[in-house]
Amino acid sequence: TTPTTTATTPKSAKRQRSYRSALLTSFRRSKKHQETRDDISPETTTMTTTTSTAITNVDETTKTTQEPDTADGGPSLNECVTDMATREKREKVSKSFFPNTGYNYDRCVAYATLGFDAEWKRLLLRQIPTSSKNVLELASGTAIVSKRILKRCGVFTTKLTCVDITDDYVDVAKAKLAALEEKENQKRNKGKKEKEEGKIDVAYVIKNAEDITEEDLQSRGPFDCVVSSYIPKYVDAEKVISSIEPHLTEGATLVVHDFDVPYAGPCRWIWHAHMDIWAWMGPKMFGKEWAACFEANLKELIIKSDWAKVWSDKLKERGCWSDVKIHRITLGGASLVTAKKN
């Protein structure tokens, strides 16, 4: 029997190389970051990041390295986690937790949540109407949710705008969506003589979600759906909601998801033990760059945030949202907040 081989088109091979290149670039950034981190405690370390309002293409020439905040007398990471009252503290936490870790974020979140992350995202996706055609995703990360949104609502018929503060995560996301576009085009044109090339309509805003301006979104809106996974505990709900409201259609859906503290009793005991184990095991499995996130800081942040109630209350207070609901899932280990724009 002659073994069969699957032919790879030049364009497909190029897409695969692009994805591998994005992962390798993120990995190299992580190693470079680690070289400067070895002599610095997690409490005094921040990541290399890009701050820009550009959308589709990340300009490598604009990337700058920020010095640790404590070098000029700023608060330590532990102090920021304890009190997230200011924008500077919130941004420091989000940057310090994810310092050039885009290359292995997907594996890390899958293992750290014991696979529940996939279930939580499935439940999040169920809240998104399949009729949504212009979606705003906050904290889009490595496109775990982005890909599923496009597949649910239409790969080539859905307009997607992604906001994220970490440029290396955006690099990985771009490569993933390029690979998705290639794969969908291959399926679409299979057996056809005349090829039809579809394009995914996606744009990126690389900045803190609290800093979104009218100029960032006006050319992409109005949006009929806003989605986010894992952003609520890192931002001021009032600022984010007020900045996106003017760009939403009447009847627009909002769905946000994040970790939560499980119900009291055995579930909570197990959760505490799990978080303590990962504080020790996480950096050993996925690299020292994850130390700031796992070494008690994430656990303390989840406990203190009470984000679901905060977001629910803010949405109700603003008076232009209806059907505001909190959905506790997986025995309380995570929550969804959903609402409709009036």
# chains A, B, ... in the order shown; residues from 1 in each chain; ligands from 1
call {"tool": "closest_atom_pairs", "arguments": {"of": "stretch 118-153 of chain A", "to": "stretch 205-227 of chain A", "cutoff": "12 Å", "atoms": "only C-alpha atoms", "output": "tab-separated table"}}
result
residue	atom	partner	partner_atom	distance
A:Lys121	CA	A:Val227	CA	10.7
A:Leu124	CA	A:Val227	CA	8.4
A:Leu125	CA	A:Val227	CA	8.9
A:Arg126	CA	A:Val227	CA	11.6
A:Gln127	CA	A:Val227	CA	9.5
A:Ile128	CA	A:Cys225	CA	7.3
A:Pro129	CA	A:Cys225	CA	8.2
A:Thr130	CA	A:Cys225	CA	10.3
A:Ser131	CA	A:Asp224	CA	9.1
A:Ser132	CA	A:Asp224	CA	6.0
A:Lys133	CA	A:Asp224	CA	7.0
A:Asn134	CA	A:Phe223	CA	5.0
A:Val135	CA	A:Cys225	CA	4.9
A:Leu136	CA	A:Val226	CA	4.8
A:Glu137	CA	A:Val227	CA	4.8
A:Leu138	CA	A:Val227	CA	6.4
A:Ala139	CA	A:Ala209	CA	7.5
A:Ser140	CA	A:Val227	CA	8.8
A:Gly141	CA	A:Ile206	CA	10.4
A:Val145	CA	A:Val227	CA	8.8
A:Ser146	CA	A:Val227	CA	9.4
A:Arg148	CA	A:Val227	CA	11.6
A:Ile149	CA	A:Val227	CA	9.3
A:Cys153	CA	A:Cys225	CA	11.0
call {"tool": "closest_atom_pairs", "arguments": {"of": "stretch 275-308 of chain A", "to": "stretch 232-254 of chain A", "cutoff": "8 Å", "atoms": "only C-alpha atoms", "output": "CSV"}}
result
residue,atom,partner,partner_atom,distance
A:Leu301,CA,A:Lys233,CA,7.5
A:Ile302,CA,A:Lys233,CA,7.2
A:Ser305,CA,A:Lys233,CA,5.8
A:Asp306,CA,A:Lys233,CA,7.9
A:Trp307,CA,A:Lys233,CA,5.6
A:Ala308,CA,A:Pro232,CA,7.9
call {"tool": "write_last_selection", "arguments": {"atoms": "C-alpha atoms", "output": "tab-separated table (two decimals), in the first residue's frame"}}
result
chain	number	residue	atom	x	y	z
A	301	LEU	CA	-7.24	39.56	43.38
A	302	ILE	CA	-10.13	37.17	42.69
A	305	SER	CA	-12.59	41.97	43.33
A	306	ASP	CA	-16.26	40.91	43.78
A	307	TRP	CA	-16.40	41.91	40.11
A	308	ALA	CA	-19.75	40.29	39.21
call {"tool": "residues_around", "arguments": {"residues": "stretch 295-299 of chain A", "least_positions_apart": "3", "cutoff": "7 Å", "atoms": "only C-alpha atoms", "output": "PyMOL selection string"}}
result
chain A and resi 78+81+275+279-280+291-292+302-303
call {"tool": "write_last_selection", "arguments": {"atoms": "C-alpha atoms", "output": "short mmCIF file (atom, residue, chain, number, x, y, z; two decimals), in the first residue's frame"}}
result
data_model
loop_
_atom_site.label_atom_id
_atom_site.label_comp_id
_atom_site.auth_asym_id
_atom_site.auth_seq_id
_atom_site.Cartn_x
_atom_site.Cartn_y
_atom_site.Cartn_z
CA ASN A 78 1.31 43.25 46.10
CA VAL A 81 -3.41 43.86 44.12
CA MET A 275 -4.77 28.02 43.87
CA ALA A 279 1.21 29.31 43.06
CA TRP A 280 4.06 26.83 43.46
CA ALA A 291 5.43 33.86 38.88
CA ALA A 292 3.82 37.27 39.48
CA ILE A 302 -10.13 37.17 42.69
CA ILE A 303 -11.14 37.18 46.35
#
